[in-house]
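Raw contents of input30.tsv, TSV, C-alpha atoms:
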```tsv
chain	number	residue	atom	x	y	z
A	1	MET	CA	-10.34	36.96	162.81
A	2	ASN	CA	-9.81	34.31	160.14
A	3	THR	CA	-6.44	33.48	158.57
A	4	THR	CA	-5.38	32.57	155.06
A	5	LYS	CA	-5.12	28.95	156.16
A	6	ASP	CA	-8.72	29.08	157.43
A	7	PHE	CA	-9.91	30.27	154.00
A	8	ARG	CA	-8.10	27.45	152.21
A	9	SER	CA	-9.69	24.88	154.51
A	10	LEU	CA	-13.19	25.99	153.53
A	11	SER	CA	-15.29	24.07	151.03
A	12	SER	CA	-15.49	25.28	147.43
A	13	GLU	CA	-19.00	26.66	148.02
A	14	ALA	CA	-17.93	28.57	151.17
A	15	GLN	CA	-14.91	30.04	149.37
A	16	GLU	CA	-17.21	31.20	146.58
A	17	GLN	CA	-19.39	33.04	149.12
A	18	VAL	CA	-16.32	34.73	150.68
A	19	ARG	CA	-15.20	35.92	147.24
A	20	ILE	CA	-18.64	37.33	146.45
A	21	LYS	CA	-18.91	39.13	149.81
A	22	ALA	CA	-15.37	40.50	149.55
A	23	VAL	CA	-16.01	41.95	146.08
A	24	ALA	CA	-19.33	43.43	147.27
A	25	ALA	CA	-17.53	45.07	150.21
A	26	VAL	CA	-14.94	46.68	147.92
A	27	LYS	CA	-17.69	47.94	145.65
A	28	ALA	CA	-19.47	49.40	148.72
A	29	GLY	CA	-16.46	51.62	149.39
A	30	ARG	CA	-14.07	49.70	151.61
A	31	THR	CA	-10.41	49.45	150.67
A	32	GLN	CA	-8.94	46.16	149.50
A	33	GLY	CA	-6.69	46.08	152.57
A	34	GLU	CA	-9.65	46.43	154.94
A	35	VAL	CA	-11.59	43.71	153.13
A	36	ALA	CA	-8.56	41.40	153.24
A	37	ALA	CA	-8.29	41.89	157.01
A	38	ILE	CA	-12.01	41.26	157.53
A	39	PHE	CA	-12.10	37.99	155.59
A	40	GLY	CA	-8.67	36.70	156.60
A	41	VAL	CA	-7.10	36.65	153.14
A	42	THR	CA	-4.24	38.52	151.50
A	43	ARG	CA	-4.71	41.86	149.76
A	44	GLN	CA	-3.32	40.25	146.58
A	45	ALA	CA	-6.20	37.71	146.70
A	46	VAL	CA	-8.79	40.48	146.91
A	47	CYS	CA	-7.06	42.30	144.04
A	48	GLY	CA	-7.21	39.15	141.96
A	49	TRP	CA	-10.93	38.70	142.65
A	50	MET	CA	-11.60	42.25	141.55
A	51	SER	CA	-9.69	41.61	138.30
A	52	LEU	CA	-11.73	38.43	137.68
A	53	THR	CA	-14.93	40.41	138.22
A	54	ARG	CA	-13.90	43.05	135.71
A	55	ARG	CA	-13.03	40.41	133.08
A	56	SER	CA	-15.79	37.86	133.60
A	57	GLY	CA	-18.31	39.45	135.93
A	58	MET	CA	-19.57	37.59	138.97
A	59	ARG	CA	-19.23	34.29	137.04
A	60	GLY	CA	-15.45	34.55	137.51
A	61	LEU	CA	-15.95	34.03	141.24
A	62	LYS	CA	-17.80	30.73	140.86
A	63	ALA	CA	-16.39	27.65	142.59
A	64	ARG	CA	-14.33	25.36	140.34
A	65	ARG	CA	-13.83	21.61	140.53
A	66	ARG	CA	-10.85	20.71	142.69
A	67	GLY	CA	-8.22	18.04	142.12
A	68	ARG	CA	-6.93	16.32	139.02
A	69	PRO	CA	-8.91	17.04	135.83
A	70	ALA	CA	-11.26	14.19	134.93
A	71	GLY	CA	-9.72	11.89	132.33
A	72	GLY	CA	-6.17	13.23	132.69
A	73	ARG	CA	-4.47	15.25	130.01
A	74	LEU	CA	-4.81	12.74	127.17
A	75	GLN	CA	-7.72	13.27	124.81
A	76	PRO	CA	-9.99	10.28	124.02
A	77	ARG	CA	-8.53	10.04	120.52
A	78	GLN	CA	-5.01	9.93	121.96
A	79	GLU	CA	-5.99	7.29	124.51
A	80	ARG	CA	-7.38	5.05	121.75
A	81	MET	CA	-4.17	5.48	119.76
A	82	VAL	CA	-1.99	4.52	122.74
A	83	MET	CA	-4.14	1.48	123.61
A	84	ALA	CA	-3.98	0.24	120.01
A	85	ALA	CA	-0.18	0.58	120.02
A	86	LEU	CA	0.10	-1.43	123.26
A	87	GLN	CA	-2.08	-4.23	121.88
A	88	ASP	CA	-0.59	-4.46	118.40
A	89	HIS	CA	3.14	-3.85	118.91
A	90	CYS	CA	6.07	-4.56	121.21
A	91	PRO	CA	8.11	-1.54	122.36
A	92	ASP	CA	11.13	-2.40	120.22
A	93	GLN	CA	8.91	-2.54	117.13
A	94	LEU	CA	8.14	1.14	117.76
A	95	LYS	CA	11.87	1.89	118.22
A	96	LEU	CA	11.54	2.34	121.99
A	97	PRO	CA	14.48	1.13	124.15
A	98	PHE	CA	12.37	-1.49	125.97
A	99	TYR	CA	11.61	-5.20	125.60
A	100	LEU	CA	8.31	-5.21	127.55
A	101	TRP	CA	5.50	-2.72	128.05
A	102	THR	CA	6.37	-1.25	131.44
A	103	ARG	CA	4.99	2.00	132.86
A	104	GLU	CA	8.21	3.74	131.81
A	105	ALA	CA	7.84	2.40	128.27
A	106	VAL	CA	4.20	3.53	128.06
A	107	GLY	CA	5.21	6.95	129.38
A	108	GLN	CA	7.80	7.32	126.61
A	109	LEU	CA	5.24	6.21	124.03
A	110	ILE	CA	2.81	8.89	125.24
A	111	ALA	CA	5.55	11.52	125.14
A	112	ARG	CA	6.56	10.53	121.61
A	113	ARG	CA	3.09	10.10	120.11
A	114	CYS	CA	1.17	12.79	122.00
A	115	GLY	CA	3.84	15.27	123.12
A	116	ILE	CA	2.72	14.93	126.75
A	117	ARG	CA	5.01	13.94	129.62
A	118	VAL	CA	3.36	12.08	132.48
A	119	SER	CA	4.71	10.37	135.59
A	120	VAL	CA	4.84	6.59	136.00
A	121	TRP	CA	2.05	6.90	138.60
A	122	THR	CA	-0.17	8.71	136.08
A	123	VAL	CA	0.65	6.02	133.51
A	124	GLY	CA	-0.40	3.41	136.07
A	125	ARG	CA	-3.75	5.15	136.54
A	126	TYR	CA	-4.28	5.26	132.78
A	127	LEU	CA	-3.48	1.54	132.45
A	128	GLU	CA	-5.86	0.64	135.26
A	129	ARG	CA	-8.65	2.68	133.69
A	130	TRP	CA	-8.04	1.06	130.29
A	131	GLY	CA	-8.26	-2.42	131.82
A	132	PHE	CA	-4.56	-3.28	131.29
A	133	THR	CA	-2.84	-5.47	133.90
A	134	ALA	CA	0.75	-6.70	134.29
A	135	GLN	CA	0.98	-10.27	132.96
A	136	LYS	CA	3.68	-12.78	132.10
A	137	PRO	CA	4.04	-12.56	128.31
A	138	ALA	CA	3.89	-15.59	126.05
A	139	ARG	CA	6.84	-16.03	123.70
A	140	GLN	CA	6.32	-16.08	119.96
A	141	ALA	CA	9.01	-16.83	117.39
A	142	PHE	CA	9.99	-14.22	114.83
A	143	GLU	CA	9.79	-16.94	112.18
A	144	ARG	CA	6.07	-17.51	112.75
A	145	ASP	CA	4.02	-16.72	109.64
A	146	PRO	CA	0.65	-15.11	110.55
A	147	ARG	CA	-0.77	-15.93	107.10
A	148	LYS	CA	-0.17	-19.65	107.60
A	149	VAL	CA	-1.72	-19.47	111.06
A	150	ARG	CA	-4.85	-17.81	109.65
A	151	ARG	CA	-5.04	-20.42	106.89
A	152	TRP	CA	-4.78	-23.20	109.49
A	153	LEU	CA	-7.57	-21.74	111.61
A	154	ARG	CA	-9.91	-20.81	108.75
A	155	GLN	CA	-9.30	-23.53	106.17
A	156	GLU	CA	-7.03	-26.43	107.11
A	157	TYR	CA	-8.36	-27.38	110.53
A	158	PRO	CA	-12.05	-27.01	109.52
A	159	ALA	CA	-11.30	-29.41	106.61
A	160	ILE	CA	-9.67	-31.89	109.03
A	161	ARG	CA	-12.67	-31.63	111.35
A	162	ASP	CA	-15.06	-32.32	108.44
A	163	LEU	CA	-12.97	-35.35	107.43
A	164	ALA	CA	-13.17	-36.70	110.98
A	165	ARG	CA	-16.94	-36.32	111.04
A	166	ARG	CA	-17.43	-38.07	107.69
A	167	ALA	CA	-15.07	-40.93	108.58
A	168	ARG	CA	-16.09	-41.07	112.26
A	169	ALA	CA	-12.44	-40.65	113.16
A	170	GLN	CA	-10.86	-39.47	116.39
A	171	ILE	CA	-8.64	-36.38	116.30
A	172	PHE	CA	-5.58	-36.61	118.55
A	173	TRP	CA	-3.23	-33.74	119.31
A	174	ALA	CA	0.28	-34.98	120.13
A	175	ASP	CA	3.49	-33.45	121.44
A	176	GLU	CA	6.72	-34.34	123.22
A	177	THR	CA	8.51	-32.65	126.09
A	178	GLY	CA	11.52	-33.16	128.34
A	179	MET	CA	11.64	-32.81	132.14
A	180	ARG	CA	14.59	-32.23	134.46
A	181	SER	CA	14.84	-33.17	138.11
A	182	ASP	CA	15.85	-29.62	139.14
A	183	HIS	CA	12.79	-27.97	137.61
A	184	ALA	CA	11.00	-25.87	140.25
A	185	ALA	CA	7.55	-24.30	140.21
A	186	GLY	CA	5.50	-22.29	142.68
A	187	ARG	CA	6.52	-20.18	145.68
A	188	SER	CA	7.22	-20.78	149.36
A	189	PHE	CA	6.55	-18.42	152.28
A	190	SER	CA	9.59	-17.11	154.14
A	191	PRO	CA	10.48	-14.06	156.30
A	192	ARG	CA	10.88	-10.88	154.28
A	193	GLY	CA	14.36	-10.66	152.77
A	194	VAL	CA	15.16	-14.32	153.50
A	195	THR	CA	15.10	-16.52	150.38
A	196	PRO	CA	13.64	-19.96	151.19
A	197	VAL	CA	15.99	-22.91	150.59
A	198	ILE	CA	14.69	-26.31	149.50
A	199	ALA	CA	16.95	-29.32	149.91
A	200	GLY	CA	17.43	-31.61	146.93
A	201	THR	CA	19.99	-33.83	145.28
A	202	GLY	CA	22.83	-32.14	143.43
A	203	LYS	CA	22.57	-34.74	140.68
A	204	ARG	CA	20.63	-33.83	137.57
A	205	PHE	CA	18.65	-36.36	135.61
A	206	ARG	CA	15.83	-36.14	133.15
A	207	CYS	CA	13.13	-38.04	131.32
A	208	ASN	CA	11.01	-37.44	128.24
A	209	MET	CA	7.33	-37.82	127.54
A	210	ILE	CA	5.15	-38.10	124.44
A	211	SER	CA	1.39	-37.73	124.76
A	212	ALA	CA	-1.77	-37.44	122.66
A	213	ILE	CA	-5.12	-36.03	123.77
A	214	THR	CA	-8.59	-35.52	122.31
A	215	ASN	CA	-11.22	-32.90	123.05
A	216	ARG	CA	-13.41	-35.77	124.32
A	217	GLY	CA	-11.05	-36.27	127.27
A	218	LYS	CA	-8.88	-39.17	126.11
A	219	LEU	CA	-5.18	-39.22	127.00
A	220	HIS	CA	-2.47	-41.63	125.83
A	221	PHE	CA	1.16	-41.24	126.86
A	222	MET	CA	4.58	-42.84	126.96
A	223	VAL	CA	7.43	-41.87	129.32
A	224	PHE	CA	11.01	-42.79	128.40
A	225	ARG	CA	14.62	-42.05	129.38
A	226	CYS	CA	16.25	-41.99	125.95
A	227	GLY	CA	16.10	-39.15	123.44
A	228	PHE	CA	13.17	-38.64	121.11
A	229	THR	CA	13.98	-40.55	117.91
A	230	VAL	CA	12.18	-42.14	114.97
A	231	PRO	CA	12.00	-45.61	116.67
A	232	VAL	CA	10.54	-44.01	119.81
A	233	PHE	CA	7.88	-42.15	117.83
A	234	LEU	CA	6.96	-45.25	115.82
A	235	ARG	CA	6.68	-47.25	119.03
A	236	PHE	CA	4.22	-44.69	120.37
A	237	LEU	CA	2.22	-44.72	117.13
A	238	ARG	CA	1.97	-48.52	117.17
A	239	ARG	CA	0.72	-48.40	120.74
A	240	LEU	CA	-1.81	-45.68	119.84
A	241	LEU	CA	-3.19	-47.69	116.91
A	242	ARG	CA	-3.39	-50.80	119.06
A	243	GLN	CA	-5.33	-49.04	121.83
A	244	CYS	CA	-7.71	-46.99	119.62
A	245	PRO	CA	-9.92	-48.67	117.00
A	246	GLY	CA	-11.00	-47.02	113.76
A	247	LEU	CA	-9.39	-44.20	111.83
A	248	LEU	CA	-7.11	-41.91	113.83
A	249	ILE	CA	-6.20	-38.36	112.83
A	250	LEU	CA	-3.01	-37.13	114.48
A	251	ILE	CA	-2.04	-33.44	114.57
A	252	VAL	CA	1.60	-32.70	115.45
A	253	ASP	CA	4.17	-29.96	115.06
A	254	ARG	CA	6.96	-29.93	112.48
A	255	HIS	CA	9.59	-31.68	114.59
A	256	PRO	CA	12.26	-33.32	112.36
A	257	VAL	CA	11.30	-36.76	113.69
A	258	HIS	CA	7.65	-36.24	112.72
A	259	MET	CA	8.61	-35.20	109.20
A	260	SER	CA	11.36	-37.77	108.62
A	261	GLN	CA	11.14	-39.98	105.53
A	262	ALA	CA	11.04	-43.14	107.63
A	263	VAL	CA	8.03	-41.92	109.61
A	264	GLN	CA	6.23	-40.65	106.51
A	265	ALA	CA	6.75	-43.99	104.74
A	266	TRP	CA	5.48	-45.90	107.79
A	267	ILE	CA	2.36	-43.69	107.98
A	268	ALA	CA	1.70	-43.99	104.23
A	269	ARG	CA	1.49	-47.79	104.58
A	270	ARG	CA	-1.23	-47.36	107.20
A	271	HIS	CA	-3.35	-44.80	105.37
A	272	ALA	CA	-6.55	-46.67	106.23
A	273	ARG	CA	-5.88	-46.36	109.95
A	274	LEU	CA	-3.83	-43.20	110.41
A	275	ARG	CA	-3.67	-39.70	108.91
A	276	VAL	CA	-1.12	-37.16	110.14
A	277	PHE	CA	-1.39	-33.38	109.74
A	278	PHE	CA	1.12	-30.70	110.69
A	279	LEU	CA	0.56	-27.45	112.55
A	280	PRO	CA	1.99	-24.22	111.09
A	281	GLY	CA	5.65	-23.72	111.92
A	282	TYR	CA	6.63	-22.04	115.20
A	283	SER	CA	3.07	-22.21	116.54
A	284	PRO	CA	3.12	-24.32	119.74
A	285	ASP	CA	0.32	-22.18	121.17
A	286	LEU	CA	-2.09	-23.80	118.69
A	287	ASN	CA	-1.55	-27.27	120.20
A	288	PRO	CA	-3.74	-28.11	123.25
A	289	ASP	CA	-1.25	-30.82	124.27
A	290	GLU	CA	1.18	-28.04	125.24
A	291	TYR	CA	-1.07	-27.31	128.23
A	292	LEU	CA	-0.74	-30.92	129.37
A	293	ASN	CA	3.05	-30.53	129.13
A	294	GLN	CA	2.94	-27.43	131.30
A	295	ASP	CA	0.66	-29.14	133.81
A	296	VAL	CA	2.97	-32.13	134.15
A	297	LYS	CA	6.10	-29.99	134.50
A	298	THR	CA	4.47	-27.84	137.16
A	299	ASN	CA	2.69	-30.43	139.28
A	300	ALA	CA	4.45	-33.75	138.66
A	301	VAL	CA	8.00	-32.37	138.57
A	302	GLY	CA	8.16	-28.77	139.79
A	303	ARG	CA	6.43	-29.41	143.14
A	304	THR	CA	8.34	-32.59	144.05
A	305	ARG	CA	11.97	-33.42	144.87
A	306	PRO	CA	12.89	-36.71	143.16
A	307	SER	CA	16.20	-38.11	144.33
A	308	THR	CA	16.65	-40.70	141.55
A	309	SER	CA	15.82	-41.05	137.88
A	310	SER	CA	13.39	-43.88	138.66
A	311	GLU	CA	11.54	-41.69	141.15
A	312	LEU	CA	11.22	-38.92	138.56
A	313	LEU	CA	9.75	-41.35	136.00
A	314	GLY	CA	7.42	-42.76	138.65
A	315	ASN	CA	6.13	-39.32	139.61
A	316	VAL	CA	5.43	-38.42	135.98
A	317	ARG	CA	3.70	-41.72	135.19
A	318	SER	CA	1.60	-41.54	138.34
A	319	TYR	CA	0.44	-38.00	137.58
A	320	LEU	CA	-0.39	-38.87	133.97
A	321	ARG	CA	-2.39	-41.94	135.02
A	322	SER	CA	-4.44	-39.88	137.48
A	323	THR	CA	-5.07	-37.30	134.74
A	324	GLN	CA	-5.95	-40.07	132.29
A	325	ALA	CA	-8.66	-41.25	134.67
A	326	ARG	CA	-10.29	-37.78	134.71
A	327	PRO	CA	-11.54	-36.94	131.20
A	328	SER	CA	-13.02	-33.65	132.44
A	329	LEU	CA	-9.50	-32.54	133.38
A	330	VAL	CA	-8.15	-33.43	129.93
A	331	LYS	CA	-10.96	-31.45	128.30
A	332	ARG	CA	-9.81	-28.33	130.15
A	333	TYR	CA	-6.62	-28.26	128.11
A	334	PHE	CA	-8.83	-27.16	125.19
A	335	HIS	CA	-10.37	-24.20	127.05
A	336	PRO	CA	-7.60	-21.53	126.81
A	337	GLU	CA	-8.33	-18.97	124.12
A	338	PRO	CA	-5.48	-19.90	121.67
A	339	VAL	CA	-6.72	-23.52	121.39
A	340	ARG	CA	-10.44	-23.07	121.84
A	341	TYR	CA	-10.89	-23.55	118.10
A	342	ALA	CA	-10.03	-27.24	118.68
A	343	LEU	CA	-12.99	-27.81	121.02
A	344	VAL	CA	-15.15	-28.94	118.11
```
Please lay out the structure from this file as structure tokens.
Amino acid sequence: MNTTKDFRSLSSEAQEQVRIKAVAAVKAGRTQGEVAAIFGVTRQAVCGWMSLTRRSGMRGLKARRRGRPAGGRLQPRQERMVMAALQDHCPDQLKLPFYLWTREAVGQLIARRCGIRVSVWTVGRYLERWGFTAQKPARQAFERDPRKVRRWLRQEYPAIRDLARRARAQIFWADETGMRSDHAAGRSFSPRGVTPVIAGTGKRFRCNMISAITNRGKLHFMVFRCGFTVPVFLRFLRRLLRQCPGLLILIVDRHPVHMSQAVQAWIARRHARLRVFFLPGYSPDLNPDEYLNQDVKTNAVGRTRPSTSSELLGNVRSYLRSTQARPSLVKRYFHPEPVRYALV
């Protein structure tokens, strides 16, 4: 004789046949208790099947899809609303007590917007289905003005590009950055629970770098120990003009040195050779040279262990010279989406 467990282990189609036969047996005159004993189910189950038959006919005994309902409990309209909120806002902008979009934060958003409570595992399945992945966020200043960024992309830079074409000028993107000897990048394998230790000098020293690149693969740079000042910037500009013939167009950020009166007066006297334009404020992501800075910090500094200031400068200069000799590598700094507009 079968048992209740045996019935539950049957396929949906086999269970449907048992229900149909059990109902037919009751209708033929057997008691519900006898039918339950024959088919290895409880009398309450047989009673429930008879109730389903009275309400819905034999259709009530049909097999139903097992498992989690397809698509979860959110409706398509609700899913679109949640996805739009994740793409267009940070959690704190929606008055949620989170800084980043974690599964817990998304779960609270769903509960607040849709009135549905789901587990973090269900949220994870939603995110996977929507094509969302966990990524390191890029920082963006509150002071950034989106209108000025749009104007730069749609009006100002296209005008600069047209000027360069008419005057057969080169467009350089320039930036400065500082590097410290204790900067670390990458990971190292180690037994689980044992943090790897890398030996290095306890002394801290640093150097600075200014560079300029073009979307044709040119790279010019200068590495120095002192701080970034007006004389340093002018020295770099003189070197750039000496090494590059013709009209140069230089695009930089709004660093106080770049915008100082002394620099502006020096540039004005060389209008025939040099034009300088400024990126919108608080928009480093629009400058392709930022990707060179990241590359140098990661590979020339973060993966080495310089023991002296001279060794740090040597590592940086050596890496920049090898990059300078590979124009195809310099061109790649213009490929990320935020700076792709500068490819032409």
Contact residues around region 204-221 of chain A with all atoms listed in the file at 8 Å, ignoring same-chain residues under 3 positions, as a PyMOL selection string: chain A and resi 170-182+201+224-228+236+240+289+308-309+312-313+320+323-324+326-331+334+342-344
Selected residue, from A:Tyr291, A:Thr298, A:Arg8, A:Tyr126, that lies nearest to Pro76 (chain A) when counting only C-alpha atoms: A:Tyr126
One-decimal distance in Å that lies between CA of Phe39 (chain A) and CA of Ser51 (chain A):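 CA of Phe39 (chain A) lies at a distance of 17.8 Å from CA of Ser51 (chain A).
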Residue nearest Val18 (chain A) among A:Gly40, A:Pro137, A:Pro191, A:Pro256 (counting all atoms listed in the file):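 Under the stated criterion, the closest residue is A:Gly40.
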Selected residue, from A:Leu286, A:Val123, A:Val41, A:Val296, that lies nearest to Gln108 (chain A) when counting all atoms listed in the file: A:Val123
Atom-to-atom span, CA of Arg242 (chain A) and CA of Ser283 (chain A), Å: 29.4 Å
Long-range neighbours of Trp152 (chain A) as a list of chain:residue names, 9 Å cut-off, all atoms listed in the file, 6 positions minimum in chain: A:Pro158, A:Leu279, A:Pro280
So which residues touch Arg113 (chain A) within 12 Å, counting all atoms listed in the file, skipping near sequence neighbours fewer than 3 positions away, as a CSV table (one decimal) with C-alpha atoms, in the coordinates of the input?
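File written: selection-v1.csv
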```csv
chain,number,residue,atom,x,y,z
A,74,LEU,CA,-4.8,12.7,127.2
A,77,ARG,CA,-8.5,10.0,120.5
A,78,GLN,CA,-5.0,9.9,122.0
A,79,GLU,CA,-6.0,7.3,124.5
A,80,ARG,CA,-7.4,5.0,121.8
A,81,MET,CA,-4.2,5.5,119.8
A,82,VAL,CA,-2.0,4.5,122.7
A,83,MET,CA,-4.1,1.5,123.6
A,85,ALA,CA,-0.2,0.6,120.0
A,94,LEU,CA,8.1,1.1,117.8
A,96,LEU,CA,11.5,2.3,122.0
A,106,VAL,CA,4.2,3.5,128.1
A,107,GLY,CA,5.2,7.0,129.4
A,108,GLN,CA,7.8,7.3,126.6
A,109,LEU,CA,5.2,6.2,124.0
A,110,ILE,CA,2.8,8.9,125.2
A,116,ILE,CA,2.7,14.9,126.8
A,117,ARG,CA,5.0,13.9,129.6
```
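The list of residues with at least one atom within 12 Å of Gly48 (chain A), based on only C-alpha atoms and without residues fewer than 4 positions apart in the same chain, reads Arg19, Ala22, Val23, Gln32, Ala36, Val41, Thr42, Arg43, Gln44, Leu52, Thr53, Arg54, Arg55, Gly60 and Leu61 of chain A.
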Selection near Ile249 (chain A), 12 Å with all atoms listed in the file, sequence-local residues under 6 positions removed, as a ChimeraX atom specification: /A:157,160-165,167-174,212-214,237,240-241,267,270-278
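For the set A:Ala265, A:Cys244, A:Leu100, A:Cys90, the residue with the smallest atom-to-atom gap to Ala134 (chain A) is A:Leu100, counting all atoms listed in the file.
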d(CA of Pro336 (chain A), CA of Asp285 (chain A)) in Å: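 Computing it gives 9.7 Å between the two atoms.
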Because some atoms of region 223-244 of chain A are absent here, can you restore N, CA and C atoms and send them as an mmCIF file, in the frame of the given file?
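And here is the file that came out, out18.cif:
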```cif
data_model
loop_
_atom_site.group_PDB
_atom_site.id
_atom_site.type_symbol
_atom_site.label_atom_id
_atom_site.label_comp_id
_atom_site.auth_asym_id
_atom_site.auth_seq_id
_atom_site.Cartn_x
_atom_site.Cartn_y
_atom_site.Cartn_z
ATOM 1 N N VAL A 223 6.309 -42.534 128.632
ATOM 2 C CA VAL A 223 7.430 -41.870 129.320
ATOM 3 C C VAL A 223 8.689 -42.703 129.072
ATOM 4 N N PHE A 224 9.793 -42.054 128.752
ATOM 5 C CA PHE A 224 11.010 -42.790 128.400
ATOM 6 C C PHE A 224 12.246 -41.976 128.790
ATOM 7 N N ARG A 225 13.371 -42.688 128.968
ATOM 8 C CA ARG A 225 14.620 -42.050 129.380
ATOM 9 C C ARG A 225 15.453 -41.569 128.191
ATOM 10 N N CYS A 226 15.392 -42.304 127.082
ATOM 11 C CA CYS A 226 16.250 -41.990 125.950
ATOM 12 C C CYS A 226 15.767 -40.729 125.234
ATOM 13 N N GLY A 227 16.512 -40.292 124.224
ATOM 14 C CA GLY A 227 16.100 -39.150 123.440
ATOM 15 C C GLY A 227 14.932 -39.475 122.523
ATOM 16 N N PHE A 228 14.309 -38.439 121.995
ATOM 17 C CA PHE A 228 13.170 -38.640 121.110
ATOM 18 C C PHE A 228 13.684 -38.901 119.694
ATOM 19 N N THR A 229 13.471 -40.118 119.221
ATOM 20 C CA THR A 229 13.980 -40.550 117.910
ATOM 21 C C THR A 229 12.857 -41.161 117.095
ATOM 22 N N VAL A 230 13.172 -41.502 115.846
ATOM 23 C CA VAL A 230 12.180 -42.140 114.970
ATOM 24 C C VAL A 230 11.664 -43.436 115.581
ATOM 25 N N PRO A 231 12.528 -44.378 116.063
ATOM 26 C CA PRO A 231 12.000 -45.610 116.670
ATOM 27 C C PRO A 231 11.074 -45.341 117.846
ATOM 28 N N VAL A 232 11.396 -44.338 118.654
ATOM 29 C CA VAL A 232 10.540 -44.010 119.810
ATOM 30 C C VAL A 232 9.173 -43.540 119.327
ATOM 31 N N PHE A 233 9.154 -42.662 118.332
ATOM 32 C CA PHE A 233 7.880 -42.150 117.830
ATOM 33 C C PHE A 233 7.045 -43.258 117.201
ATOM 34 N N LEU A 234 7.698 -44.149 116.436
ATOM 35 C CA LEU A 234 6.960 -45.250 115.820
ATOM 36 C C LEU A 234 6.418 -46.202 116.878
ATOM 37 N N ARG A 235 7.183 -46.386 117.954
ATOM 38 C CA ARG A 235 6.680 -47.250 119.030
ATOM 39 C C ARG A 235 5.420 -46.661 119.651
ATOM 40 N N PHE A 236 5.401 -45.352 119.814
ATOM 41 C CA PHE A 236 4.220 -44.690 120.370
ATOM 42 C C PHE A 236 3.039 -44.798 119.400
ATOM 43 N N LEU A 237 3.292 -44.628 118.105
ATOM 44 C CA LEU A 237 2.220 -44.720 117.130
ATOM 45 C C LEU A 237 1.627 -46.128 117.083
ATOM 46 N N ARG A 238 2.482 -47.141 117.158
ATOM 47 C CA ARG A 238 1.970 -48.520 117.170
ATOM 48 C C ARG A 238 1.073 -48.740 118.389
ATOM 49 N N ARG A 239 1.514 -48.252 119.521
ATOM 50 C CA ARG A 239 0.720 -48.400 120.740
ATOM 51 C C ARG A 239 -0.622 -47.671 120.601
ATOM 52 N N LEU A 240 -0.592 -46.474 120.008
ATOM 53 C CA LEU A 240 -1.810 -45.680 119.840
ATOM 54 C C LEU A 240 -2.806 -46.404 118.935
ATOM 55 N N LEU A 241 -2.315 -46.971 117.829
ATOM 56 C CA LEU A 241 -3.190 -47.690 116.910
ATOM 57 C C LEU A 241 -3.752 -48.951 117.558
ATOM 58 N N ARG A 242 -2.944 -49.574 118.402
ATOM 59 C CA ARG A 242 -3.390 -50.800 119.060
ATOM 60 C C ARG A 242 -4.486 -50.512 120.099
ATOM 61 N N GLN A 243 -4.395 -49.376 120.752
ATOM 62 C CA GLN A 243 -5.330 -49.040 121.830
ATOM 63 C C GLN A 243 -6.602 -48.352 121.339
ATOM 64 N N CYS A 244 -6.564 -47.764 120.123
ATOM 65 C CA CYS A 244 -7.710 -46.990 119.620
ATOM 66 C C CYS A 244 -8.199 -47.580 118.304
#
```
